[in-house]
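Next comes start_9.txt, with compact mmCIF, C-alpha atoms.
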# COMPACT_ATOMS: atom_id res chain seq x y z
CA LEU A 1 82.86 40.92 -57.69
CA PHE A 2 79.18 40.00 -58.08
CA LEU A 3 78.27 36.39 -57.43
CA PRO A 4 75.21 35.41 -59.49
CA MET A 5 75.59 31.96 -57.96
CA ALA A 6 72.55 29.78 -58.18
CA GLY A 7 74.59 27.43 -56.01
CA LEU A 8 74.25 29.75 -53.06
CA ALA A 9 70.73 30.57 -54.19
CA ALA A 10 69.92 26.86 -54.02
CA ILE A 11 71.01 26.80 -50.40
CA ALA A 12 68.92 29.91 -49.84
CA ALA A 13 65.89 28.23 -51.39
CA ALA A 14 66.40 25.39 -48.93
CA GLY A 15 66.25 27.78 -46.02
CA VAL A 16 69.28 30.06 -45.83
CA GLY A 17 68.33 33.31 -44.13
CA ALA A 18 65.70 31.81 -41.89
CA ARG A 19 66.39 31.95 -38.19
CA ILE A 20 65.26 28.48 -37.20
CA PRO A 21 64.27 28.10 -33.52
CA ALA A 22 66.90 26.22 -31.54
CA ARG A 23 66.73 22.48 -32.05
CA SER A 24 69.86 21.89 -29.94
CA SER A 25 72.93 23.78 -28.80
CA THR A 26 74.86 22.73 -31.91
CA ALA A 27 74.85 24.67 -35.16
CA THR A 28 75.68 23.13 -38.52
CA VAL A 29 79.05 24.54 -39.57
CA VAL A 30 79.73 25.42 -43.22
CA GLY A 31 83.44 25.76 -43.91
CA LEU A 32 83.82 28.40 -46.64
CA THR A 33 87.19 28.21 -48.33
CA GLY A 34 89.07 28.70 -51.59
CA GLY A 35 92.34 30.00 -52.94
CA ILE A 36 93.36 33.63 -53.17
CA GLY A 37 91.18 35.60 -55.58
CA MET A 38 88.51 32.91 -55.80
CA GLY A 39 85.69 34.97 -54.24
CA LYS A 40 85.54 34.03 -50.54
CA SER A 41 84.90 37.58 -49.36
CA SER A 42 82.01 38.05 -51.76
CA ALA A 43 80.50 34.70 -50.82
CA ALA A 44 80.85 35.50 -47.10
CA ALA A 45 79.16 38.88 -47.68
CA TRP A 46 76.34 37.08 -49.49
CA PHE A 47 75.74 34.81 -46.49
CA ARG A 48 75.73 37.81 -44.16
CA ARG A 49 73.11 39.53 -46.30
CA CYS A 50 71.00 36.42 -45.93
CA GLY A 51 71.12 36.76 -42.14
CA PHE A 52 73.79 34.21 -41.30
CA ARG A 53 76.61 34.67 -38.86
CA VAL A 54 80.02 34.41 -40.54
CA HIS A 55 83.31 33.95 -38.71
CA ASP A 56 86.23 35.56 -40.56
CA ALA A 57 89.62 33.97 -39.84
CA ASP A 58 91.56 36.90 -41.31
CA ALA A 59 89.64 39.40 -39.15
CA THR A 60 90.33 37.22 -36.12
CA VAL A 61 94.07 37.32 -36.82
CA HIS A 62 93.92 41.11 -37.05
CA SER A 63 92.22 41.17 -33.65
CA LEU A 64 94.78 38.80 -32.16
CA TYR A 65 97.60 41.03 -33.49
CA ALA A 66 96.07 44.25 -32.11
CA ALA A 67 97.34 45.78 -28.86
CA GLY A 68 96.26 43.51 -26.02
CA GLY A 69 95.49 40.64 -28.40
CA ALA A 70 96.24 37.08 -27.31
CA ALA A 71 98.87 36.59 -30.04
CA VAL A 72 100.96 39.68 -29.25
CA GLU A 73 103.18 38.34 -26.48
CA PRO A 74 103.91 34.87 -27.92
CA VAL A 75 104.58 36.32 -31.38
CA CYS A 76 106.87 39.03 -29.98
CA ALA A 77 108.70 36.41 -27.93
CA ALA A 78 109.47 34.57 -31.17
CA PHE A 79 110.00 37.70 -33.30
CA PRO A 80 110.97 40.62 -30.97
CA SER A 81 111.22 43.17 -33.78
CA ALA A 82 107.54 42.63 -34.68
CA ARG A 83 106.17 44.74 -31.82
CA GLY A 84 104.63 47.99 -33.09
CA ALA A 85 104.62 51.43 -31.51
CA ASP A 86 101.03 50.93 -30.30
CA GLY A 87 101.90 47.71 -28.46
CA GLY A 88 100.39 45.41 -31.07
CA ILE A 89 102.01 43.50 -33.92
CA ASP A 90 103.41 45.56 -36.78
CA ARG A 91 102.56 43.28 -39.69
CA ALA A 92 105.20 44.79 -41.99
CA ALA A 93 107.85 44.34 -39.31
CA LEU A 94 106.67 40.79 -38.68
CA SER A 95 106.89 39.99 -42.39
CA ALA A 96 110.46 41.34 -42.48
CA ALA A 97 111.39 39.32 -39.37
CA VAL A 98 109.98 36.15 -40.92
CA ALA A 99 111.98 36.72 -44.12
CA THR A 100 115.18 37.46 -42.18
CA ALA A 101 114.92 34.39 -39.96
CA GLY A 102 114.21 32.00 -42.86
CA ARG A 103 110.79 32.06 -44.41
CA GLU A 104 109.65 28.44 -44.26
CA ALA A 105 110.79 27.67 -40.71
CA SER A 106 109.56 31.05 -39.47
CA LEU A 107 106.15 30.68 -41.08
CA GLN A 108 105.74 27.27 -39.47
CA ARG A 109 106.71 28.73 -36.11
CA LEU A 110 104.26 31.60 -36.55
CA GLU A 111 101.44 29.25 -37.58
CA GLU A 112 102.08 27.10 -34.50
CA ILE A 113 101.43 30.18 -32.39
CA VAL A 114 98.52 31.73 -34.25
CA HIS A 115 96.46 28.81 -35.59
CA PRO A 116 95.50 27.37 -32.16
CA LEU A 117 94.36 30.84 -31.06
CA VAL A 118 92.22 31.26 -34.18
CA THR A 119 90.79 27.76 -33.75
CA GLU A 120 89.89 28.46 -30.13
CA GLU A 121 88.17 31.74 -31.03
CA ARG A 122 86.27 30.09 -33.89
CA ALA A 123 85.07 27.26 -31.66
CA GLY A 124 83.71 29.82 -29.21
CA PHE A 125 81.94 31.65 -32.03
CA VAL A 126 80.27 28.44 -33.23
CA ARG A 127 79.32 27.39 -29.70
CA ARG A 128 77.74 30.76 -28.91
CA ALA A 129 75.81 30.76 -32.19
CA GLY A 130 74.34 27.33 -31.43
CA GLU A 131 73.42 28.31 -27.90
CA GLU A 132 71.64 31.38 -29.26
CA GLY A 133 69.49 29.34 -31.64
CA GLU A 134 71.35 29.51 -34.97
CA TRP A 135 71.01 26.27 -36.90
CA LEU A 136 73.76 27.11 -39.41
CA VAL A 137 76.88 29.27 -39.26
CA VAL A 138 79.62 29.93 -41.80
CA VAL A 139 83.32 29.92 -40.97
CA ASP A 140 85.48 31.66 -43.58
CA VAL A 141 88.84 29.88 -43.45
CA PRO A 142 91.20 30.56 -46.39
CA LEU A 143 93.55 27.66 -45.58
CA LEU A 144 90.92 25.23 -44.24
CA LEU A 145 92.01 22.31 -46.42
CA GLU A 146 95.71 23.10 -46.09
CA THR A 147 95.69 23.13 -42.29
CA LEU A 148 93.27 20.19 -41.94
CA ARG A 149 94.60 17.65 -44.42
CA ASP A 150 93.33 14.72 -42.38
CA GLU A 151 89.68 14.10 -43.23
CA ALA A 152 88.70 13.17 -39.68
CA ALA A 153 90.25 16.37 -38.34
CA LEU A 154 88.45 18.38 -41.03
CA ARG A 155 85.06 16.88 -40.20
CA ALA A 156 85.64 17.52 -36.51
CA GLU A 157 85.80 21.24 -37.36
CA VAL A 158 83.12 21.63 -40.05
CA ASP A 159 80.06 19.71 -41.23
CA VAL A 160 80.11 20.98 -44.81
CA VAL A 161 82.97 22.21 -47.01
CA LEU A 162 81.88 24.86 -49.52
CA LEU A 163 84.64 25.75 -51.98
CA VAL A 164 84.60 28.87 -54.14
CA SER A 165 86.57 28.43 -57.34
CA CYS A 166 87.24 29.87 -60.78
CA SER A 167 89.66 29.29 -63.66
CA ALA A 168 93.37 29.86 -63.11
CA ALA A 169 93.31 32.67 -65.68
CA GLU A 170 90.47 34.46 -63.90
CA GLN A 171 92.13 33.95 -60.53
CA ARG A 172 95.37 35.49 -61.82
CA ARG A 173 93.51 38.43 -63.39
CA ARG A 174 91.71 39.21 -60.13
CA CYS A 175 94.83 38.91 -58.00
CA LEU A 176 97.06 41.06 -60.19
CA ALA A 177 94.41 43.79 -60.15
CA ARG A 178 94.92 44.16 -56.39
CA PRO A 179 97.11 47.02 -55.14
CA GLY A 180 100.60 45.84 -54.25
CA MET A 181 100.25 42.43 -55.90
CA SER A 182 102.92 41.21 -58.32
CA ASP A 183 103.38 37.97 -60.21
CA PRO A 184 106.28 36.77 -57.99
CA LYS A 185 104.25 37.57 -54.85
CA LEU A 186 101.24 35.73 -56.25
CA GLN A 187 103.35 32.68 -57.08
CA THR A 188 104.73 32.64 -53.52
CA ILE A 189 101.19 32.69 -52.12
CA LEU A 190 99.95 30.00 -54.49
CA ALA A 191 102.88 27.76 -53.57
CA ARG A 192 101.53 27.60 -50.01
CA GLN A 193 98.02 26.67 -51.13
CA LEU A 194 96.71 23.32 -52.32
CA PRO A 195 95.96 23.06 -56.05
CA ASP A 196 92.34 23.89 -56.80
CA ALA A 197 91.73 20.41 -58.22
CA ASP A 198 92.74 18.86 -54.89
CA LYS A 199 90.37 21.16 -53.04
CA ARG A 200 87.51 20.33 -55.39
CA ALA A 201 88.03 16.64 -54.69
CA ARG A 202 87.50 17.19 -50.95
CA ALA A 203 84.70 19.75 -51.06
CA ASP A 204 81.02 18.93 -50.58
CA PHE A 205 79.91 21.94 -52.61
CA VAL A 206 81.82 23.77 -55.35
CA VAL A 207 80.66 27.20 -56.49
CA ASP A 208 82.31 28.49 -59.66
CA THR A 209 82.49 32.26 -59.20
CA GLY A 210 83.77 32.75 -62.75
CA ARG A 211 80.53 31.65 -64.40
CA THR A 212 78.05 34.07 -65.89
CA SER A 213 74.48 34.21 -64.63
CA SER A 214 73.37 32.11 -67.61
CA CYS A 215 75.55 29.29 -66.27
CA ALA A 216 74.70 29.87 -62.64
CA SER A 217 72.26 27.00 -62.42
CA HIS A 218 75.27 24.68 -62.61
CA ALA A 219 77.31 26.51 -59.97
CA LEU A 220 76.43 24.26 -57.05
CA ARG A 221 77.72 20.71 -57.17
CA LEU A 222 77.39 17.98 -54.60
CA GLY A 223 80.62 16.07 -54.30
CA LYS A 224 79.15 12.94 -52.85
CA GLY A 225 75.63 12.62 -54.20
CA LYS A 226 72.12 12.82 -52.80
CA GLY A 227 72.72 10.72 -49.74
CA SER A 228 75.80 12.64 -48.63
CA PRO A 229 76.06 13.51 -44.93
CA ALA A 230 76.54 17.13 -46.01
CA ARG A 231 73.18 17.35 -47.74
CA GLN A 232 71.42 15.44 -44.98
CA ARG A 233 73.01 17.66 -42.35
CA LEU A 234 71.80 20.80 -44.12
CA ALA A 235 68.32 19.44 -44.70
CA ARG A 236 67.59 18.02 -41.26
CA PRO A 237 66.84 21.27 -39.41
CA LEU A 238 64.59 22.40 -42.24
CA GLU A 239 62.64 19.19 -42.32
CA ARG A 240 61.99 19.50 -38.60
CA ARG A 241 61.30 23.20 -38.25
CA ARG A 242 60.53 24.64 -41.68
CA GLY A 243 57.04 25.70 -40.63
CA ASP A 244 58.41 27.75 -37.72
CA ALA A 245 60.90 29.81 -39.72
CA SER A 246 58.64 32.81 -40.29
CA ALA A 247 57.58 32.84 -36.64
CA ALA A 248 61.25 33.01 -35.65
CA GLY A 249 61.63 36.40 -37.35
CA ALA A 250 63.75 35.68 -40.38
CA GLU A 251 65.99 38.54 -41.45
CA ARG A 252 65.55 37.50 -45.06
CA SER A 253 63.31 34.82 -46.50
CA PRO A 254 64.72 32.08 -48.75
CA ARG A 255 62.98 33.75 -51.69
CA ASP A 256 64.65 37.06 -50.82
CA CYS A 257 68.05 35.39 -50.81
CA ARG A 258 67.46 33.59 -54.07
CA GLU A 259 66.36 36.79 -55.76
CA ILE A 260 69.41 38.68 -54.47
CA ALA A 261 71.70 36.03 -55.91
CA GLU A 262 69.99 36.02 -59.31
CA ARG A 263 69.70 39.77 -59.86
CA SER A 264 72.08 41.72 -62.02
CA PRO A 265 74.71 43.77 -60.12
CA ARG A 266 72.82 47.00 -60.95
CA ASP A 267 69.48 45.62 -59.73
CA ARG A 268 71.05 44.26 -56.58
CA ARG A 269 72.68 47.56 -55.67
CA ALA A 270 69.38 49.40 -56.23
CA ALA A 271 67.44 46.92 -54.10
CA GLU A 272 69.87 47.22 -51.19
CA ARG A 273 69.80 51.03 -51.01
Would you encode the structure as structure tokens?
Amino acid sequence: LFLPMAGLAAIAAAGVGARIPARSSTATVVGLTGGIGMGKSSAAAWFRRCGFRVHDADATVHSLYAAGGAAVEPVCAAFPSARGADGGIDRAALSAAVATAGREASLQRLEEIVHPLVTEERAGFVRRAGEEGEWLVVVDVPLLLETLRDEAALRAEVDVVLLVSCSAAEQRRRCLARPGMSDPKLQTILARQLPDADKRARADFVVDTGRTSSCASHALRLGKGKGSPARQRLARPLERRRGDASAAGAERSPRDCREIAERSPRDRRAAER
């Protein structure tokens, strides 16, 4: 999926990609989220190409489930049949154990084990990035708004919520094109996620990944207007240190990032070879 998103390009034009010299030990945290099939992976890849560090919650879970991972023993204590031959968690066996024990109660039990471990790892990632001079980092959290329904708790974790979204029809088309996906499975997944309209109401930025490039100039929307803390938080490091960005050795300039976002898929692939 190509994201011709002028929304992300607008952030790039404001300084995404520049490695700003450390202003403090705290990085601004962008919480990237959205429902299944909405385009989170592509958006996260876009930020990486612009030189930003991105924390991937799904990848963290995989690491926690691997042999020696911090989640292995507590998960196996709750679901003994989930231990794999290599000493890690066998995800297929875990899924079967969850279904056998009663899906809703088992999922809640599993989340109570795993979510604190993911949160702890993410906090360390953000702390290290700030200490190493990054002014902005992205945390890719699929269920950010589902797990942090209280606004104060949400804002304690992230400074900015960036939601990727598209129409329900486009979301369904993308999901059903995935190997192993079925309509009943998709409906089960969607039932555990907040409706997109509810997410849009809480997000600071909404990027519509279903728009064509001709509509991309409308892809970024501020949820709370010019004076929003989100916009001010993003702008502050740039206002202070914009002139030092090139001296810091940017991996990509804002112009580079904007041009990547606005190119056609064919042009972008050619440019990145």
With distances taken over only C-alpha atoms, which residue among A:Leu117, A:Ala168, A:Arg155, A:Ile189 lies nearest Asp204 in chain A?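 The answer is A:Arg155, which sits nearest to Asp204 in chain A.
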Enumerate, as an mmCIF file with C-alpha atoms, in the frame of the given file, the protein, DNA and RNA residues whose atoms approach (98.9, 45.8, -25.5) to within 12 Å, taking into account only C-alpha atoms and the coordinate frame of the file.
data_model
loop_
_atom_site.group_PDB
_atom_site.id
_atom_site.type_symbol
_atom_site.label_atom_id
_atom_site.label_comp_id
_atom_site.auth_asym_id
_atom_site.auth_seq_id
_atom_site.Cartn_x
_atom_site.Cartn_y
_atom_site.Cartn_z
ATOM 1 C CA SER A 63 92.220 41.170 -33.650
ATOM 2 C CA LEU A 64 94.780 38.800 -32.160
ATOM 3 C CA TYR A 65 97.600 41.030 -33.490
ATOM 4 C CA ALA A 66 96.070 44.250 -32.110
ATOM 5 C CA ALA A 67 97.340 45.780 -28.860
ATOM 6 C CA GLY A 68 96.260 43.510 -26.020
ATOM 7 C CA GLY A 69 95.490 40.640 -28.400
ATOM 8 C CA ALA A 70 96.240 37.080 -27.310
ATOM 9 C CA ALA A 71 98.870 36.590 -30.040
ATOM 10 C CA VAL A 72 100.960 39.680 -29.250
ATOM 11 C CA GLU A 73 103.180 38.340 -26.480
ATOM 12 C CA CYS A 76 106.870 39.030 -29.980
ATOM 13 C CA ARG A 83 106.170 44.740 -31.820
ATOM 14 C CA GLY A 84 104.630 47.990 -33.090
ATOM 15 C CA ALA A 85 104.620 51.430 -31.510
ATOM 16 C CA ASP A 86 101.030 50.930 -30.300
ATOM 17 C CA GLY A 87 101.900 47.710 -28.460
ATOM 18 C CA GLY A 88 100.390 45.410 -31.070
ATOM 19 C CA ILE A 89 102.010 43.500 -33.920
#
Take CA of Asp183 in chain A and CA of Glu170 in chain A and report the distance between them in Å, one decimal. 13.9 Å
For His55 in chain A, find every residue with an atom within 9 Å (counting all atoms listed in the file), except residues of its own chain fewer than 3 positions away, and show them as a ChimeraX atom specification. /A:44,59-60,122,125-126,137-141
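The residue that comes closest to Leu107 in chain A, out of A:Val206, A:Phe79, A:Val160, A:Gly51 and on the basis of all atoms listed in the file, is A:Phe79.
Counting only C-alpha atoms and comparing A:Thr188, A:Thr100, A:Gln193, A:Ser167, the residue that lies closest to Thr33 in chain A is A:Gln193.
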One-decimal distance in Å that lies between CA of Trp135 in chain A and CA of Glu157 in chain A: 15.6 Å
Option closest in space to His62 in chain A, from A:Ala123, A:Ser81, A:Val118, A:Val158 [counting all atoms listed in the file]: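 Among the listed residues, A:Val118 lies closest to His62 in chain A.
The interatomic distance for the pair CA of Ser182 in chain A and CA of Ser95 in chain A works out to 16.5 Å.
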Working from the structure I just supplied, which lacks atoms in range 35-70 of chain A, can you model N, CA and C atoms there and output them as an mmCIF file, keeping the file's coordinate frame?
data_model
loop_
_atom_site.group_PDB
_atom_site.id
_atom_site.type_symbol
_atom_site.label_atom_id
_atom_site.label_comp_id
_atom_site.auth_asym_id
_atom_site.auth_seq_id
_atom_site.Cartn_x
_atom_site.Cartn_y
_atom_site.Cartn_z
ATOM 1 N N GLY A 35 91.061 29.346 -52.768
ATOM 2 C CA GLY A 35 92.340 30.000 -52.940
ATOM 3 C C GLY A 35 92.216 31.508 -53.034
ATOM 4 N N ILE A 36 93.345 32.181 -53.050
ATOM 5 C CA ILE A 36 93.360 33.630 -53.170
ATOM 6 C C ILE A 36 92.678 34.055 -54.474
ATOM 7 N N GLY A 37 91.847 35.079 -54.392
ATOM 8 C CA GLY A 37 91.180 35.600 -55.580
ATOM 9 C C GLY A 37 90.001 34.791 -56.079
ATOM 10 N N MET A 38 89.585 33.787 -55.332
ATOM 11 C CA MET A 38 88.510 32.910 -55.800
ATOM 12 C C MET A 38 87.098 33.449 -55.473
ATOM 13 N N GLY A 39 86.998 34.403 -54.532
ATOM 14 C CA GLY A 39 85.690 34.970 -54.240
ATOM 15 C C GLY A 39 85.144 34.689 -52.858
ATOM 16 N N LYS A 40 86.017 34.338 -51.898
ATOM 17 C CA LYS A 40 85.540 34.030 -50.540
ATOM 18 C C LYS A 40 84.852 35.229 -49.887
ATOM 19 N N SER A 41 85.468 36.405 -50.024
ATOM 20 C CA SER A 41 84.900 37.580 -49.360
ATOM 21 C C SER A 41 83.510 37.900 -49.874
ATOM 22 N N SER A 42 83.324 37.781 -51.183
ATOM 23 C CA SER A 42 82.010 38.050 -51.760
ATOM 24 C C SER A 42 80.991 37.010 -51.322
ATOM 25 N N ALA A 43 81.408 35.750 -51.266
ATOM 26 C CA ALA A 43 80.500 34.700 -50.820
ATOM 27 C C ALA A 43 80.134 34.890 -49.345
ATOM 28 N N ALA A 44 81.122 35.256 -48.521
ATOM 29 C CA ALA A 44 80.850 35.500 -47.100
ATOM 30 C C ALA A 44 79.879 36.664 -46.940
ATOM 31 N N ALA A 45 80.067 37.721 -47.737
ATOM 32 C CA ALA A 45 79.160 38.880 -47.680
ATOM 33 C C ALA A 45 77.752 38.469 -48.079
ATOM 34 N N TRP A 46 77.651 37.571 -49.043
ATOM 35 C CA TRP A 46 76.340 37.080 -49.490
ATOM 36 C C TRP A 46 75.622 36.374 -48.335
ATOM 37 N N PHE A 47 76.348 35.510 -47.620
ATOM 38 C CA PHE A 47 75.740 34.810 -46.490
ATOM 39 C C PHE A 47 75.304 35.794 -45.413
ATOM 40 N N ARG A 48 76.117 36.806 -45.166
ATOM 41 C CA ARG A 48 75.730 37.810 -44.160
ATOM 42 C C ARG A 48 74.448 38.525 -44.565
ATOM 43 N N ARG A 49 74.331 38.857 -45.841
ATOM 44 C CA ARG A 49 73.110 39.530 -46.300
ATOM 45 C C ARG A 49 71.893 38.654 -46.111
ATOM 46 N N CYS A 50 72.109 37.356 -46.116
ATOM 47 C CA CYS A 50 71.000 36.420 -45.930
ATOM 48 C C CYS A 50 70.709 36.171 -44.444
ATOM 49 N N GLY A 51 71.418 36.855 -43.564
ATOM 50 C CA GLY A 51 71.120 36.760 -42.140
ATOM 51 C C GLY A 51 71.933 35.752 -41.370
ATOM 52 N N PHE A 52 72.982 35.197 -41.990
ATOM 53 C CA PHE A 52 73.790 34.210 -41.300
ATOM 54 C C PHE A 52 74.992 34.831 -40.615
ATOM 55 N N ARG A 53 75.391 34.247 -39.537
ATOM 56 C CA ARG A 53 76.610 34.670 -38.860
ATOM 57 C C ARG A 53 77.815 34.049 -39.585
ATOM 58 N N VAL A 54 78.822 34.858 -39.835
ATOM 59 C CA VAL A 54 80.020 34.410 -40.540
ATOM 60 C C VAL A 54 81.245 34.730 -39.696
ATOM 61 N N HIS A 55 82.051 33.738 -39.429
ATOM 62 C CA HIS A 55 83.310 33.950 -38.710
ATOM 63 C C HIS A 55 84.423 34.122 -39.735
ATOM 64 N N ASP A 56 85.180 35.207 -39.605
ATOM 65 C CA ASP A 56 86.230 35.560 -40.560
ATOM 66 C C ASP A 56 87.582 35.305 -39.914
ATOM 67 N N ALA A 57 88.331 34.315 -40.418
ATOM 68 C CA ALA A 57 89.620 33.970 -39.840
ATOM 69 C C ALA A 57 90.619 35.110 -39.968
ATOM 70 N N ASP A 58 90.623 35.797 -41.113
ATOM 71 C CA ASP A 58 91.560 36.900 -41.310
ATOM 72 C C ASP A 58 91.280 38.032 -40.315
ATOM 73 N N ALA A 59 90.002 38.355 -40.109
ATOM 74 C CA ALA A 59 89.640 39.400 -39.150
ATOM 75 C C ALA A 59 90.039 38.999 -37.738
ATOM 76 N N THR A 60 89.928 37.708 -37.442
ATOM 77 C CA THR A 60 90.330 37.220 -36.120
ATOM 78 C C THR A 60 91.824 37.411 -35.905
ATOM 79 N N VAL A 61 92.621 37.124 -36.931
ATOM 80 C CA VAL A 61 94.070 37.320 -36.820
ATOM 81 C C VAL A 61 94.393 38.790 -36.570
ATOM 82 N N HIS A 62 93.716 39.677 -37.276
ATOM 83 C CA HIS A 62 93.920 41.110 -37.050
ATOM 84 C C HIS A 62 93.638 41.467 -35.593
ATOM 85 N N SER A 63 92.569 40.911 -35.036
ATOM 86 C CA SER A 63 92.220 41.170 -33.650
ATOM 87 C C SER A 63 93.274 40.609 -32.698
ATOM 88 N N LEU A 64 93.757 39.421 -32.997
ATOM 89 C CA LEU A 64 94.780 38.800 -32.160
ATOM 90 C C LEU A 64 96.089 39.586 -32.195
ATOM 91 N N TYR A 65 96.371 40.252 -33.321
ATOM 92 C CA TYR A 65 97.600 41.030 -33.490
ATOM 93 C C TYR A 65 97.483 42.441 -32.919
ATOM 94 N N ALA A 66 96.272 42.896 -32.633
ATOM 95 C CA ALA A 66 96.070 44.250 -32.110
ATOM 96 C C ALA A 66 96.599 44.353 -30.686
ATOM 97 N N ALA A 67 96.844 45.568 -30.225
ATOM 98 C CA ALA A 67 97.340 45.780 -28.860
ATOM 99 C C ALA A 67 96.432 45.076 -27.863
ATOM 100 N N GLY A 68 97.026 44.268 -26.999
ATOM 101 C CA GLY A 68 96.260 43.510 -26.020
ATOM 102 C C GLY A 68 95.755 42.187 -26.525
ATOM 103 N N GLY A 69 95.953 41.894 -27.819
ATOM 104 C CA GLY A 69 95.490 40.640 -28.400
ATOM 105 C C GLY A 69 96.276 39.452 -27.873
ATOM 106 N N ALA A 70 95.634 38.284 -27.901
ATOM 107 C CA ALA A 70 96.240 37.080 -27.310
ATOM 108 C C ALA A 70 97.503 36.626 -28.033
#
